[in-house]
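S.K.: My structure file protein-v1.txt, compact mmCIF, C-alpha atoms, is below:
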# COMPACT_ATOMS: atom_id res chain seq x y z
CA MET A 1 -47.72 -23.04 -71.98
CA LYS A 2 -46.99 -26.61 -73.11
CA ALA A 3 -43.49 -26.43 -71.61
CA PHE A 4 -44.97 -25.18 -68.32
CA VAL A 5 -47.56 -27.98 -68.11
CA VAL A 6 -44.99 -30.67 -68.97
CA ALA A 7 -42.59 -29.18 -66.40
CA VAL A 8 -45.21 -29.24 -63.62
CA ILE A 9 -46.24 -32.82 -64.46
CA CYS A 10 -42.59 -33.92 -64.45
CA ALA A 11 -41.95 -32.12 -61.14
CA VAL A 12 -44.90 -33.87 -59.48
CA ALA A 13 -43.89 -37.25 -60.95
CA LEU A 14 -40.30 -36.85 -59.79
CA GLY A 15 -41.54 -35.79 -56.34
CA ILE A 16 -43.72 -38.90 -56.05
CA ALA A 17 -40.83 -41.08 -57.24
CA ALA A 18 -38.57 -39.45 -54.66
CA SER A 19 -41.10 -40.21 -51.91
CA TYR A 20 -41.04 -43.93 -52.81
CA VAL A 21 -37.24 -44.05 -52.97
CA LEU A 22 -36.89 -42.25 -49.66
CA ALA A 23 -39.44 -44.56 -48.05
CA THR A 24 -37.17 -47.53 -48.77
CA SER A 25 -34.15 -45.94 -47.11
CA GLN A 26 -35.79 -44.26 -44.12
CA ARG A 27 -37.61 -45.71 -41.13
CA PHE A 28 -39.76 -44.15 -38.45
CA ALA A 29 -38.00 -43.40 -35.18
CA TRP A 30 -40.10 -45.96 -33.31
CA GLN A 31 -38.88 -48.61 -35.76
CA ALA A 32 -35.26 -47.48 -35.93
CA PHE A 33 -34.69 -47.32 -32.19
CA SER A 34 -36.42 -50.52 -31.08
CA THR A 35 -34.10 -53.31 -30.00
CA THR A 36 -34.45 -56.70 -28.30
CA SER A 37 -34.16 -54.97 -24.93
CA THR A 38 -36.06 -51.77 -25.65
CA ARG A 39 -39.37 -51.66 -27.43
CA VAL A 40 -40.74 -48.38 -28.68
CA SER A 41 -44.35 -48.65 -29.77
CA GLN A 42 -45.92 -47.07 -32.78
CA PRO A 43 -47.12 -43.53 -32.03
CA GLY A 44 -50.82 -43.61 -31.32
CA THR A 45 -50.70 -46.76 -29.24
CA ASN A 46 -48.07 -45.88 -26.70
CA LEU A 47 -48.39 -43.61 -23.69
CA VAL A 48 -51.70 -41.96 -24.53
CA GLY A 49 -53.66 -44.55 -26.47
CA PRO A 50 -55.09 -44.46 -29.98
CA ARG A 51 -58.22 -42.46 -29.09
CA TRP A 52 -56.61 -39.77 -27.02
CA THR A 53 -58.41 -36.48 -27.55
CA GLY A 54 -55.96 -34.22 -25.84
CA ASP A 55 -58.62 -33.10 -23.35
CA VAL A 56 -56.91 -33.96 -20.09
CA LYS A 57 -58.84 -32.50 -17.18
CA GLY A 58 -56.53 -33.46 -14.37
CA PRO A 59 -53.59 -35.63 -13.43
CA HIS A 60 -55.79 -38.60 -12.41
CA ASP A 61 -58.39 -38.33 -15.16
CA GLU A 62 -58.70 -41.19 -17.57
CA VAL A 63 -58.11 -40.47 -21.19
CA ALA A 64 -61.48 -40.03 -22.86
CA GLY A 65 -62.79 -43.27 -24.35
CA ASP A 66 -59.68 -45.29 -23.61
CA PRO A 67 -59.89 -47.62 -20.62
CA GLN A 68 -56.21 -48.57 -21.04
CA SER A 69 -54.96 -45.04 -20.88
CA GLY A 70 -52.87 -45.65 -17.81
CA LYS A 71 -50.83 -48.39 -19.45
CA ARG A 72 -47.49 -47.59 -20.91
CA SER A 73 -45.77 -49.81 -23.38
CA MET B 1 -3.97 19.99 39.04
CA ARG B 2 -3.34 16.23 39.02
CA LEU B 3 -7.11 15.63 38.91
CA GLY B 4 -7.40 17.86 35.84
CA THR B 5 -4.55 16.01 34.10
CA THR B 6 -6.15 12.66 34.88
CA ILE B 7 -9.54 13.78 33.50
CA SER B 8 -8.01 15.14 30.33
CA ARG B 9 -5.97 11.92 29.74
CA THR B 10 -9.10 9.83 30.35
CA PHE B 11 -11.08 11.93 27.84
CA VAL B 12 -8.34 11.59 25.18
CA ALA B 13 -8.23 7.82 25.73
CA MET B 14 -12.03 7.54 25.35
CA MET B 15 -11.99 9.57 22.16
CA ALA B 16 -9.25 7.35 20.77
CA LEU B 17 -11.31 4.23 21.54
CA VAL B 18 -14.40 5.72 19.85
CA ALA B 19 -12.34 6.61 16.77
CA VAL B 20 -10.88 3.09 16.51
CA ALA B 21 -14.34 1.57 16.92
CA ALA B 22 -15.75 3.85 14.19
CA ILE B 23 -13.00 2.86 11.73
CA ASP B 24 -13.25 -0.86 12.51
CA ALA B 25 -17.06 -1.16 12.26
CA PRO B 26 -17.40 -1.10 8.42
CA ALA B 27 -14.51 -3.49 8.02
CA ARG B 28 -16.22 -5.92 10.38
CA ALA B 29 -19.48 -5.52 8.53
CA GLN B 30 -17.80 -6.54 5.23
CA ALA B 31 -15.90 -9.49 6.60
CA PRO B 32 -17.10 -12.90 5.33
CA THR B 33 -19.10 -15.06 7.59
CA THR B 34 -17.33 -18.01 8.98
CA ALA B 35 -20.38 -20.29 8.52
CA PRO B 36 -19.51 -23.25 6.25
CA ASN B 37 -21.11 -23.48 2.75
CA PRO B 38 -22.20 -27.11 2.29
CA THR B 39 -22.42 -26.85 -1.56
CA ALA B 40 -19.21 -24.90 -2.13
CA ASP B 41 -17.33 -27.88 -3.54
CA SER B 42 -20.24 -29.60 -5.30
CA VAL B 43 -20.29 -30.07 -9.08
CA ASN B 44 -22.21 -27.37 -10.89
CA GLU B 45 -23.00 -26.57 -14.53
CA ASP B 46 -20.15 -24.08 -14.97
CA LEU B 47 -17.62 -26.55 -13.63
CA LEU B 48 -18.84 -29.28 -15.98
CA PHE B 49 -18.68 -27.04 -19.04
CA LYS B 50 -15.03 -26.21 -18.22
CA GLN B 51 -14.22 -29.89 -18.72
CA ASP B 52 -16.38 -30.59 -21.79
CA PRO B 53 -18.59 -28.48 -24.09
CA LYS B 54 -21.45 -30.93 -23.48
CA ILE B 55 -22.94 -32.62 -20.47
CA HIS B 56 -23.52 -36.25 -21.34
CA GLY B 57 -23.76 -39.64 -19.75
CA ARG B 58 -24.02 -43.29 -20.69
CA ILE B 59 -27.09 -44.95 -22.17
CA SER B 60 -27.95 -48.47 -23.33
CA ILE B 61 -30.29 -47.64 -26.24
CA PRO B 62 -28.85 -47.63 -29.78
CA ASP B 63 -29.23 -43.90 -30.37
CA GLN B 64 -26.08 -42.64 -28.63
CA LYS B 65 -27.01 -39.04 -29.40
CA ALA B 66 -29.63 -39.36 -26.67
CA ALA B 67 -26.76 -39.49 -24.15
CA ASN B 68 -26.35 -35.72 -24.50
CA LEU B 69 -28.12 -34.05 -21.62
CA ILE B 70 -27.16 -30.44 -22.24
CA GLN B 71 -25.54 -28.89 -25.30
CA PRO B 72 -25.14 -25.12 -24.77
CA GLN B 73 -24.78 -24.38 -28.50
CA GLY B 74 -28.35 -25.58 -28.89
CA ARG B 75 -29.50 -22.53 -26.94
CA GLU B 76 -27.69 -20.23 -29.36
CA TRP B 77 -29.28 -22.08 -32.27
CA ARG B 78 -32.74 -21.78 -30.67
CA LEU B 79 -32.16 -18.07 -30.08
CA PHE B 80 -31.21 -17.73 -33.75
CA HIS B 81 -34.13 -19.56 -35.34
CA GLU B 82 -36.77 -18.43 -32.87
CA GLY B 83 -35.46 -14.91 -32.28
CA TRP B 84 -33.31 -13.57 -35.11
CA MET B 85 -34.45 -15.63 -38.11
CA PRO B 86 -38.06 -14.35 -38.36
CA TRP B 87 -36.80 -10.76 -38.28
CA ILE B 88 -34.07 -11.40 -40.86
CA GLY B 89 -36.56 -13.19 -43.13
CA ALA B 90 -39.16 -10.45 -42.80
CA ALA B 91 -36.59 -7.71 -43.44
CA ALA B 92 -35.24 -9.45 -46.57
CA ILE B 93 -38.59 -10.26 -48.17
CA LEU B 94 -40.61 -7.21 -47.14
CA GLY B 95 -37.59 -5.00 -47.91
CA MET B 96 -37.41 -6.40 -51.44
CA ILE B 97 -41.17 -5.98 -51.98
CA ALA B 98 -40.92 -2.36 -50.79
CA ALA B 99 -37.92 -1.69 -53.05
CA LEU B 100 -39.71 -3.17 -56.08
CA ALA B 101 -42.84 -1.15 -55.34
CA LEU B 102 -40.75 2.00 -55.04
CA PHE B 103 -39.02 1.19 -58.35
CA PHE B 104 -42.33 0.51 -60.08
CA PHE B 105 -43.95 3.73 -58.90
CA THR B 106 -40.91 5.89 -59.74
CA ARG B 107 -39.55 4.25 -62.93
CA GLY B 108 -42.75 2.60 -64.10
CA ARG B 109 -43.01 -0.33 -66.46
CA ILE B 110 -40.22 -0.51 -69.04
CA LYS B 111 -42.12 -0.24 -72.32
CA LEU B 112 -41.52 -2.10 -75.53
CA GLU B 113 -39.87 0.22 -78.05
CA HIS B 114 -41.39 -0.20 -81.49
CA SER B 115 -39.38 -0.13 -84.69
CA GLU B 116 -39.69 -1.46 -88.23
CA GLU B 117 -38.76 -4.87 -86.83
CA SER B 118 -41.76 -4.90 -84.50
CA GLY B 119 -44.07 -7.84 -85.09
CA ARG B 120 -41.34 -10.19 -86.26
CA LYS B 121 -40.38 -12.87 -83.80
CA ILE B 122 -37.09 -14.48 -82.84
CA LEU B 123 -36.73 -17.71 -80.91
CA ARG B 124 -35.10 -16.92 -77.59
CA PHE B 125 -35.51 -20.13 -75.55
CA ASN B 126 -36.19 -23.57 -77.00
CA GLY B 127 -38.60 -26.09 -75.51
CA PHE B 128 -36.08 -27.83 -73.26
CA GLU B 129 -34.82 -24.52 -71.84
CA ARG B 130 -38.37 -23.47 -71.00
CA PHE B 131 -39.12 -26.88 -69.52
CA THR B 132 -36.02 -26.61 -67.32
CA HIS B 133 -36.93 -23.09 -66.23
CA TRP B 134 -40.52 -23.93 -65.36
CA MET B 135 -39.75 -27.18 -63.56
CA THR B 136 -37.20 -25.40 -61.38
CA ALA B 137 -39.43 -22.35 -60.95
CA SER B 138 -42.61 -24.25 -60.03
CA CYS B 139 -40.67 -26.33 -57.48
CA PHE B 140 -39.05 -23.16 -56.13
CA VAL B 141 -42.43 -21.53 -55.48
CA ILE B 142 -43.63 -24.54 -53.44
CA LEU B 143 -40.28 -24.85 -51.66
CA ALA B 144 -40.31 -21.14 -50.83
CA LEU B 145 -43.87 -21.14 -49.45
CA SER B 146 -43.38 -24.34 -47.45
CA GLY B 147 -40.00 -23.08 -46.25
CA LEU B 148 -41.49 -19.79 -45.08
CA ASN B 149 -44.11 -21.83 -43.24
CA TYR B 150 -41.29 -23.22 -41.06
CA ILE B 151 -40.40 -19.68 -39.99
CA PHE B 152 -43.66 -17.78 -40.05
CA GLY B 153 -46.42 -20.42 -40.08
CA LYS B 154 -46.96 -20.80 -36.36
CA ARG B 155 -46.71 -17.03 -35.87
CA LEU B 156 -48.92 -15.78 -38.72
CA LEU B 157 -50.97 -18.65 -40.11
CA MET B 158 -51.88 -20.72 -37.04
CA PRO B 159 -53.69 -17.87 -35.23
CA ILE B 160 -55.88 -17.41 -38.34
CA ILE B 161 -56.70 -20.99 -39.39
CA GLY B 162 -56.38 -22.73 -36.02
CA PRO B 163 -54.00 -25.41 -34.76
CA GLU B 164 -55.73 -28.42 -36.38
CA ALA B 165 -55.81 -26.95 -39.89
CA PHE B 166 -52.31 -25.60 -39.45
CA ALA B 167 -51.00 -29.00 -38.36
CA THR B 168 -52.45 -30.65 -41.49
CA LEU B 169 -51.18 -27.88 -43.74
CA ALA B 170 -47.72 -27.93 -42.16
CA GLN B 171 -47.47 -31.70 -42.58
CA TRP B 172 -48.28 -31.51 -46.30
CA ALA B 173 -45.98 -28.51 -46.66
CA LYS B 174 -43.21 -30.60 -45.13
CA TYR B 175 -43.89 -33.48 -47.55
CA SER B 176 -43.86 -31.13 -50.54
CA HIS B 177 -40.66 -29.46 -49.29
CA VAL B 178 -38.82 -32.76 -48.94
CA TYR B 179 -40.04 -34.40 -52.15
CA LEU B 180 -40.08 -31.45 -54.57
CA ALA B 181 -36.52 -30.65 -53.55
CA TRP B 182 -35.43 -33.46 -55.89
CA PRO B 183 -36.86 -32.10 -59.19
CA PHE B 184 -35.61 -28.68 -58.05
CA MET B 185 -32.06 -30.00 -57.69
CA LEU B 186 -32.35 -31.73 -61.06
CA GLY B 187 -33.53 -28.45 -62.60
CA ILE B 188 -30.48 -26.65 -61.18
CA VAL B 189 -28.21 -29.24 -62.82
CA PHE B 190 -30.04 -28.83 -66.16
CA MET B 191 -29.84 -25.02 -65.94
CA PHE B 192 -26.13 -25.14 -65.26
CA ALA B 193 -25.52 -27.45 -68.20
CA VAL B 194 -27.74 -25.56 -70.66
CA TRP B 195 -26.86 -21.94 -69.87
CA LEU B 196 -23.29 -22.03 -68.55
CA ARG B 197 -21.74 -21.19 -71.93
CA ASP B 198 -23.77 -17.99 -72.29
CA ASN B 199 -23.17 -16.83 -68.72
CA ILE B 200 -19.40 -16.53 -68.58
CA PRO B 201 -18.67 -12.91 -67.49
CA ASN B 202 -16.78 -10.70 -69.96
CA ARG B 203 -15.96 -7.02 -70.69
CA ILE B 204 -19.36 -6.36 -72.27
CA ASP B 205 -20.93 -7.05 -68.88
CA TRP B 206 -18.75 -4.40 -67.26
CA GLN B 207 -19.88 -1.87 -69.88
CA TRP B 208 -23.49 -2.90 -69.24
CA ILE B 209 -23.07 -2.36 -65.49
CA LYS B 210 -21.38 1.04 -66.00
CA ALA B 211 -24.31 2.11 -68.17
CA GLY B 212 -26.75 1.16 -65.41
CA GLY B 213 -28.15 -1.72 -67.43
CA GLY B 214 -30.59 0.53 -69.24
CA PHE B 215 -32.57 1.09 -66.05
CA ILE B 216 -31.03 4.53 -65.63
CA GLY B 217 -31.83 6.75 -68.60
CA LYS B 218 -33.24 5.53 -71.89
CA ALA B 219 -30.18 4.17 -73.69
CA HIS B 220 -29.76 0.40 -74.00
CA PRO B 221 -26.21 -0.83 -73.43
CA HIS B 222 -24.90 -3.66 -75.60
CA ALA B 223 -25.63 -7.18 -74.42
CA GLU B 224 -25.17 -10.71 -75.68
CA ARG B 225 -27.68 -13.49 -75.04
CA PHE B 226 -27.65 -12.69 -71.34
CA ASN B 227 -26.79 -9.29 -69.91
CA ALA B 228 -24.82 -8.79 -66.68
CA GLY B 229 -27.98 -8.69 -64.57
CA GLN B 230 -29.18 -12.01 -65.99
CA LYS B 231 -25.72 -13.51 -65.45
CA VAL B 232 -25.89 -12.46 -61.80
CA VAL B 233 -29.27 -14.24 -61.55
CA PHE B 234 -27.81 -17.37 -63.22
CA TRP B 235 -24.83 -17.60 -60.85
CA MET B 236 -27.03 -16.74 -57.87
CA VAL B 237 -29.54 -19.46 -58.75
CA THR B 238 -26.93 -22.15 -59.46
CA GLY B 239 -24.81 -21.16 -56.43
CA PHE B 240 -27.65 -20.78 -53.95
CA GLY B 241 -29.43 -23.79 -55.46
CA THR B 242 -26.35 -25.94 -54.91
CA ALA B 243 -25.89 -24.66 -51.36
CA MET B 244 -29.57 -25.25 -50.57
CA GLY B 245 -29.30 -28.74 -52.05
CA ILE B 246 -26.23 -29.69 -49.99
CA THR B 247 -27.54 -28.27 -46.71
CA GLY B 248 -30.98 -29.73 -47.42
CA LEU B 249 -29.54 -33.20 -48.01
CA MET B 250 -27.62 -32.89 -44.72
CA MET B 251 -30.94 -32.30 -42.95
CA LEU B 252 -32.81 -34.93 -44.96
CA PHE B 253 -30.26 -37.55 -43.90
CA PRO B 254 -29.51 -36.36 -40.36
CA PHE B 255 -26.24 -37.29 -38.66
CA TYR B 256 -24.87 -39.22 -41.65
CA ALA B 257 -22.15 -36.63 -42.31
CA THR B 258 -22.14 -34.36 -39.29
CA ASP B 259 -22.95 -34.17 -35.58
CA ILE B 260 -25.57 -32.09 -33.78
CA ASN B 261 -23.49 -28.90 -34.05
CA GLY B 262 -23.13 -29.42 -37.79
CA MET B 263 -26.86 -30.07 -38.12
CA GLN B 264 -27.61 -26.75 -36.45
CA VAL B 265 -25.11 -24.91 -38.65
CA MET B 266 -26.64 -26.52 -41.77
CA GLN B 267 -30.12 -25.42 -40.69
CA GLY B 268 -28.88 -21.87 -40.11
CA ILE B 269 -27.17 -21.66 -43.52
CA HIS B 270 -30.20 -23.22 -45.26
CA SER B 271 -32.65 -20.75 -43.75
CA LEU B 272 -30.44 -17.66 -44.26
CA ILE B 273 -29.72 -18.46 -47.91
CA GLY B 274 -33.38 -19.38 -48.35
CA VAL B 275 -34.78 -15.97 -47.42
CA VAL B 276 -32.14 -14.12 -49.49
CA PHE B 277 -32.89 -16.49 -52.40
CA ILE B 278 -36.62 -15.76 -52.15
CA ALA B 279 -36.03 -12.00 -52.01
CA ALA B 280 -33.76 -12.13 -55.08
CA ILE B 281 -36.19 -14.28 -57.06
CA LEU B 282 -38.98 -11.79 -56.29
CA ALA B 283 -36.91 -9.21 -58.19
CA HIS B 284 -36.39 -11.72 -61.02
CA ILE B 285 -40.14 -12.42 -61.22
CA TYR B 286 -40.88 -8.68 -61.23
CA ILE B 287 -38.54 -7.81 -64.09
CA GLY B 288 -39.62 -10.85 -66.07
CA SER B 289 -43.32 -10.00 -65.88
CA LEU B 290 -44.67 -6.69 -64.59
CA GLY B 291 -41.44 -4.71 -64.77
CA MET B 292 -40.62 -5.07 -68.46
CA GLU B 293 -43.05 -5.29 -71.36
CA GLY B 294 -42.21 -8.14 -73.72
CA ALA B 295 -39.87 -9.97 -71.31
CA TYR B 296 -42.35 -12.68 -70.29
CA ASP B 297 -42.71 -13.93 -73.89
CA ALA B 298 -39.16 -15.31 -73.69
CA MET B 299 -40.27 -17.95 -71.19
CA GLY B 300 -43.94 -17.97 -72.17
CA SER B 301 -43.94 -18.86 -75.85
CA GLY B 302 -40.17 -18.86 -76.24
CA LYS B 303 -40.37 -16.22 -79.00
CA VAL B 304 -39.77 -12.52 -78.42
CA ASP B 305 -40.41 -9.47 -80.54
CA LEU B 306 -37.39 -8.75 -82.71
CA ALA B 307 -37.50 -5.06 -81.79
CA TRP B 308 -37.40 -5.98 -78.09
CA ALA B 309 -34.52 -8.38 -78.68
CA ARG B 310 -32.63 -5.74 -80.68
CA SER B 311 -33.05 -3.22 -77.83
CA HIS B 312 -32.00 -5.48 -74.97
CA HIS B 313 -29.73 -8.11 -76.56
CA ASP B 314 -28.42 -6.51 -79.75
CA LEU B 315 -25.17 -8.48 -79.96
CA TRP B 316 -27.06 -11.76 -79.58
CA VAL B 317 -29.50 -10.80 -82.37
CA GLU B 318 -26.60 -9.98 -84.70
CA LYS B 319 -24.98 -13.32 -83.93
CA GLU B 320 -28.21 -15.22 -84.50
CA GLN B 321 -28.90 -13.44 -87.78
CA ALA B 322 -25.35 -14.04 -88.95
CA LYS B 323 -25.81 -17.79 -88.58
CA THR B 324 -28.11 -17.90 -91.58
CA ALA B 325 -29.37 -15.45 -94.13
CA SER B 326 -32.98 -16.21 -93.26
CA GLY B 327 -32.19 -16.47 -89.54
CA PRO B 328 -34.43 -17.91 -86.86
CA GLN B 329 -36.54 -14.78 -86.84
CA LEU B 330 -40.11 -15.38 -87.88
CA ARG B 331 -42.95 -13.50 -89.43
CA PRO B 332 -46.02 -13.00 -87.25
CA HIS B 333 -48.14 -16.17 -86.91
CA GLN B 334 -45.34 -18.27 -88.35
CA ALA B 335 -44.45 -21.36 -86.30
CA PRO B 336 -40.86 -21.53 -85.07
CA ALA B 337 -38.69 -24.42 -86.19
CA GLU B 338 -37.87 -25.76 -82.71
Please express the file's structure as structure tokens.

M.R.:
Amino acid sequence: MKAFVVAVICAVALGIAASYVLATSQRFAWQAFSTTSTRVSQPGTNLVGPRWTGDVKGPHDEVAGDPQSGKRS
Amino acid sequence: MRLGTTISRTFVAMMALVAVAAIDAPARAQAPTTAPNPTADSVNEDLLFKQDPKIHGRISIPDQKAANLIQPQGREWRLFHEGWMPWIGAAAILGMIAALALFFFTRGRIKLEHSEESGRKILRFNGFERFTHWMTASCFVILALSGLNYIFGKRLLMPIIGPEAFATLAQWAKYSHVYLAWPFMLGIVFMFAVWLRDNIPNRIDWQWIKAGGGFIGKAHPHAERFNAGQKVVFWMVTGFGTAMGITGLMMLFPFYATDINGMQVMQGIHSLIGVVFIAAILAHIYIGSLGMEGAYDAMGSGKVDLAWARSHHDLWVEKEQAKTASGPQLRPHQAPAE
């Protein structure tokens, strides 16, 4: 039982360590593919707005609660 | 007389004209129209694919892969992972569960055979071996469940728990799959280093296989520390584990070592080996717990009953006892010297 508990703790610790190491070598797509001539915004603020609910009633409806829904970055 | 001849010649000529018209009509009906086709010479998909396996253009953004407009092999890949893969996965895993259930209900649990050595213990796996086994095994369980979620989650789980809960679950499953892959790969390396020496195939394994491994009949064939069945599991785990690690790293670092075709091939290999791996490990879990009395102790406490060890690994017990007169075997309630 002791070997099992130590093994699970080590697995979780190594997994967390791996997440930190990977975070230093990987970037989000919106960061990786932005250049001086093309800007890709962070998801949540581009195209649909941060408070988009997904309830689109029609092609000309405003996104609920977001007056800037029509703007695209 | 002349009038009759004229009438008869006229009749023959008319019949000849009717016959010619009857023969010519179908041929005229099948003749192509002479109307011009304005798109006959235009570029179409088939023509483009004859020049290049992909349809692509030029783009100014850094990600040049986005220049690919159509890649036909992607359709085959989609057909595989959306069409064939769920059926292959279900057949492998449900087939194994059905086979194990059939084996359990026909053969039953393999009982511990008591002898005068019953009650004495022998150390089978030391602390580091058990640590290696359980670290790899616990990661495998999470990797298997989160991997199956890629194939079956949206089909089986999402209709039950709803899209919002499924999205959250799938995101955490993805994190666990990516991050716990690292201790799993480390565990595979440890297993290979620790157990390689005892898993080299030899003639005793062939005798064990010919005797049915003790599953057929009641006699126990000779076996060293690991029998042929356990050696198959060792090589399967290290081989499949390595393959899953390599293909997984290819997907974790996309396009570093291969193009889009290679990425799709890696995903196909990873998923196919994955479902076979899960099915095989189900059999391993069965025989190490429910299927055989006394087997779990080897990885539970590390110590097994000497009578059990003598039945299933007699040559190993003889070797261990020959090392020292007292041997590593222990009296009941006596702590092992690990």

S.K.: Find the nearest atom pair between each residue of chain A and chain B for residues within 9 Å, count all atoms listed in the file, give distances in Å to one decimal, sort rows by chain and ascending number, and present the table as a Markdown table.

M.R.:
| residue | atom | partner | partner_atom | distance |
| --- | --- | --- | --- | --- |
| A:Met1 | CA | B:Gly300 | CA | 6.3 |
| A:Lys2 | CA | B:Phe131 | CA | 8.7 |
| A:Ala3 | CA | B:Phe131 | CA | 4.9 |
| A:Phe4 | CA | B:Trp134 | CA | 5.5 |
| A:Val5 | CA | B:Trp134 | CA | 8.6 |
| A:Val6 | CA | B:Phe131 | CA | 7.0 |
| A:Ala7 | CA | B:Met135 | CA | 4.5 |
| A:Val8 | CA | B:Met135 | CA | 5.8 |
| A:Ile9 | CA | B:Met135 | CA | 8.6 |
| A:Cys10 | CA | B:Met135 | CA | 7.4 |
| A:Ala11 | CA | B:Pro183 | CA | 5.5 |
| A:Val12 | CA | B:Leu180 | CA | 7.3 |
| A:Ala13 | CA | B:Pro183 | CA | 8.9 |
| A:Leu14 | CA | B:Pro183 | CA | 5.9 |
| A:Gly15 | CA | B:Tyr179 | CA | 4.7 |
| A:Ile16 | CA | B:Tyr179 | CA | 7.0 |
| A:Ala17 | CA | B:Tyr179 | CA | 8.4 |
| A:Ala18 | CA | B:Tyr179 | CA | 5.8 |
| A:Ser19 | CA | B:Tyr179 | CA | 5.9 |
| A:Leu22 | CA | B:Tyr179 | CA | 8.8 |
| A:Gln26 | CA | B:Phe253 | CA | 8.7 |
| A:Ala32 | CA | B:Pro62 | CA | 8.9 |
| A:Phe33 | CA | B:Pro62 | CA | 6.3 |
| A:Ser34 | CA | B:Pro62 | CA | 8.2 |
| A:Thr35 | CA | B:Pro62 | CA | 7.7 |
| A:Ser37 | CA | B:Ile61 | CA | 8.4 |
| A:Thr38 | CA | B:Ile61 | CA | 7.1 |

S.K.: Give the answer as one residue: which of B:Asp205, B:Glu82, B:Glu113, B:Asp198 has the shortest atom-to-atom distance to Arg155 of chain B, using only C-alpha atoms?

M.R.: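 Closest to Arg155 of chain B, using only C-alpha atoms: B:Glu82.
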
S.K.: Could you name the residues that touch Ala307 of chain B at 9 Å or less, counting only C-alpha atoms, but leaving out those on the same chain fewer than 4 positions away, as a PyMOL selection string?

M.R.: chain B and resi 112-121+311-312

S.K.: Find the spatial neighbours of Tyr296 of chain B, counting only C-alpha atoms, within a cut-off of 12 Å - ignore same-chain residues fewer than 4 positions away - and output them as an mmCIF file with C-alpha atoms, keeping the file's coordinate frame.

M.R.:
data_model
loop_
_atom_site.group_PDB
_atom_site.id
_atom_site.type_symbol
_atom_site.label_atom_id
_atom_site.label_comp_id
_atom_site.auth_asym_id
_atom_site.auth_seq_id
_atom_site.Cartn_x
_atom_site.Cartn_y
_atom_site.Cartn_z
ATOM 1 C CA MET A 1 -47.720 -23.040 -71.980
ATOM 2 C CA LEU B 112 -41.520 -2.100 -75.530
ATOM 3 C CA ARG B 124 -35.100 -16.920 -77.590
ATOM 4 C CA PHE B 125 -35.510 -20.130 -75.550
ATOM 5 C CA ARG B 130 -38.370 -23.470 -71.000
ATOM 6 C CA HIS B 284 -36.390 -11.720 -61.020
ATOM 7 C CA ILE B 285 -40.140 -12.420 -61.220
ATOM 8 C CA TYR B 286 -40.880 -8.680 -61.230
ATOM 9 C CA ILE B 287 -38.540 -7.810 -64.090
ATOM 10 C CA GLY B 288 -39.620 -10.850 -66.070
ATOM 11 C CA SER B 289 -43.320 -10.000 -65.880
ATOM 12 C CA LEU B 290 -44.670 -6.690 -64.590
ATOM 13 C CA GLY B 291 -41.440 -4.710 -64.770
ATOM 14 C CA MET B 292 -40.620 -5.070 -68.460
ATOM 15 C CA GLY B 300 -43.940 -17.970 -72.170
ATOM 16 C CA SER B 301 -43.940 -18.860 -75.850
ATOM 17 C CA GLY B 302 -40.170 -18.860 -76.240
ATOM 18 C CA LYS B 303 -40.370 -16.220 -79.000
ATOM 19 C CA VAL B 304 -39.770 -12.520 -78.420
ATOM 20 C CA ASP B 305 -40.410 -9.470 -80.540
ATOM 21 C CA TRP B 308 -37.400 -5.980 -78.090
#

S.K.: Just to confirm, what's the straight-line distance from atom CA of Gly294 of chain B to atom CA of Arg109 of chain B in Å (one decimal)?

M.R.: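 Pair atom CA of Gly294 of chain B / atom CA of Arg109 of chain B returns 10.7 Å.
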
S.K.: For His270 of chain B, please output as a PDB file with C-alpha atoms, in the frame of the given file all residues within 7 Å (counting all atoms listed in the file; exclusion window: fewer than 4 positions along the same chain).

M.R.:
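As written to disk, around-v5.pdb reads:
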ATOM      1  CA  MET B 244     -29.570 -25.250 -50.570  1.00  0.00           C
ATOM      2  CA  THR B 247     -27.540 -28.270 -46.710  1.00  0.00           C
ATOM      3  CA  GLY B 248     -30.980 -29.730 -47.420  1.00  0.00           C
ATOM      4  CA  MET B 266     -26.640 -26.520 -41.770  1.00  0.00           C
ATOM      5  CA  GLY B 274     -33.380 -19.380 -48.350  1.00  0.00           C
TER       6      GLY B 274
END

S.K.: Quick check, in Å to one decimal: how far apart do atom CA of Pro221 of chain B and atom CA of Arg203 of chain B lie?

M.R.: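 Between these atoms lies a distance of 12.3 Å.
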
S.K.: Between B:Met251, B:Leu69, B:Ile93, B:Ala257, which residue has the minimum interatomic distance to Ala283 of chain B, considering all atoms listed in the file?

M.R.: B:Ile93

S.K.: Do you have the atom CA of Ser146 of chain B-atom CA of Arg27 of chain A distance handy?

M.R.: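 Here the two named atoms are 23.0 Å from each other.
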
S.K.: List the spatial neighbours of segment 231-239 of chain B as a PDB file with C-alpha atoms, in the frame of the given file - criterion: any atom at most 8 Å away, all atoms listed in the file, same-chain residues fewer than 6 positions off excluded.

M.R.:
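To be explicit, this is the file written out as selection_18.pdb:
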ATOM      1  CA  ILE B 188     -30.480 -26.650 -61.180  1.00  0.00           C
ATOM      2  CA  VAL B 189     -28.210 -29.240 -62.820  1.00  0.00           C
ATOM      3  CA  MET B 191     -29.840 -25.020 -65.940  1.00  0.00           C
ATOM      4  CA  PHE B 192     -26.130 -25.140 -65.260  1.00  0.00           C
ATOM      5  CA  ASN B 199     -23.170 -16.830 -68.720  1.00  0.00           C
ATOM      6  CA  ILE B 200     -19.400 -16.530 -68.580  1.00  0.00           C
ATOM      7  CA  PRO B 201     -18.670 -12.910 -67.490  1.00  0.00           C
ATOM      8  CA  PHE B 277     -32.890 -16.490 -52.400  1.00  0.00           C
ATOM      9  CA  HIS B 284     -36.390 -11.720 -61.020  1.00  0.00           C
TER      10      HIS B 284
END
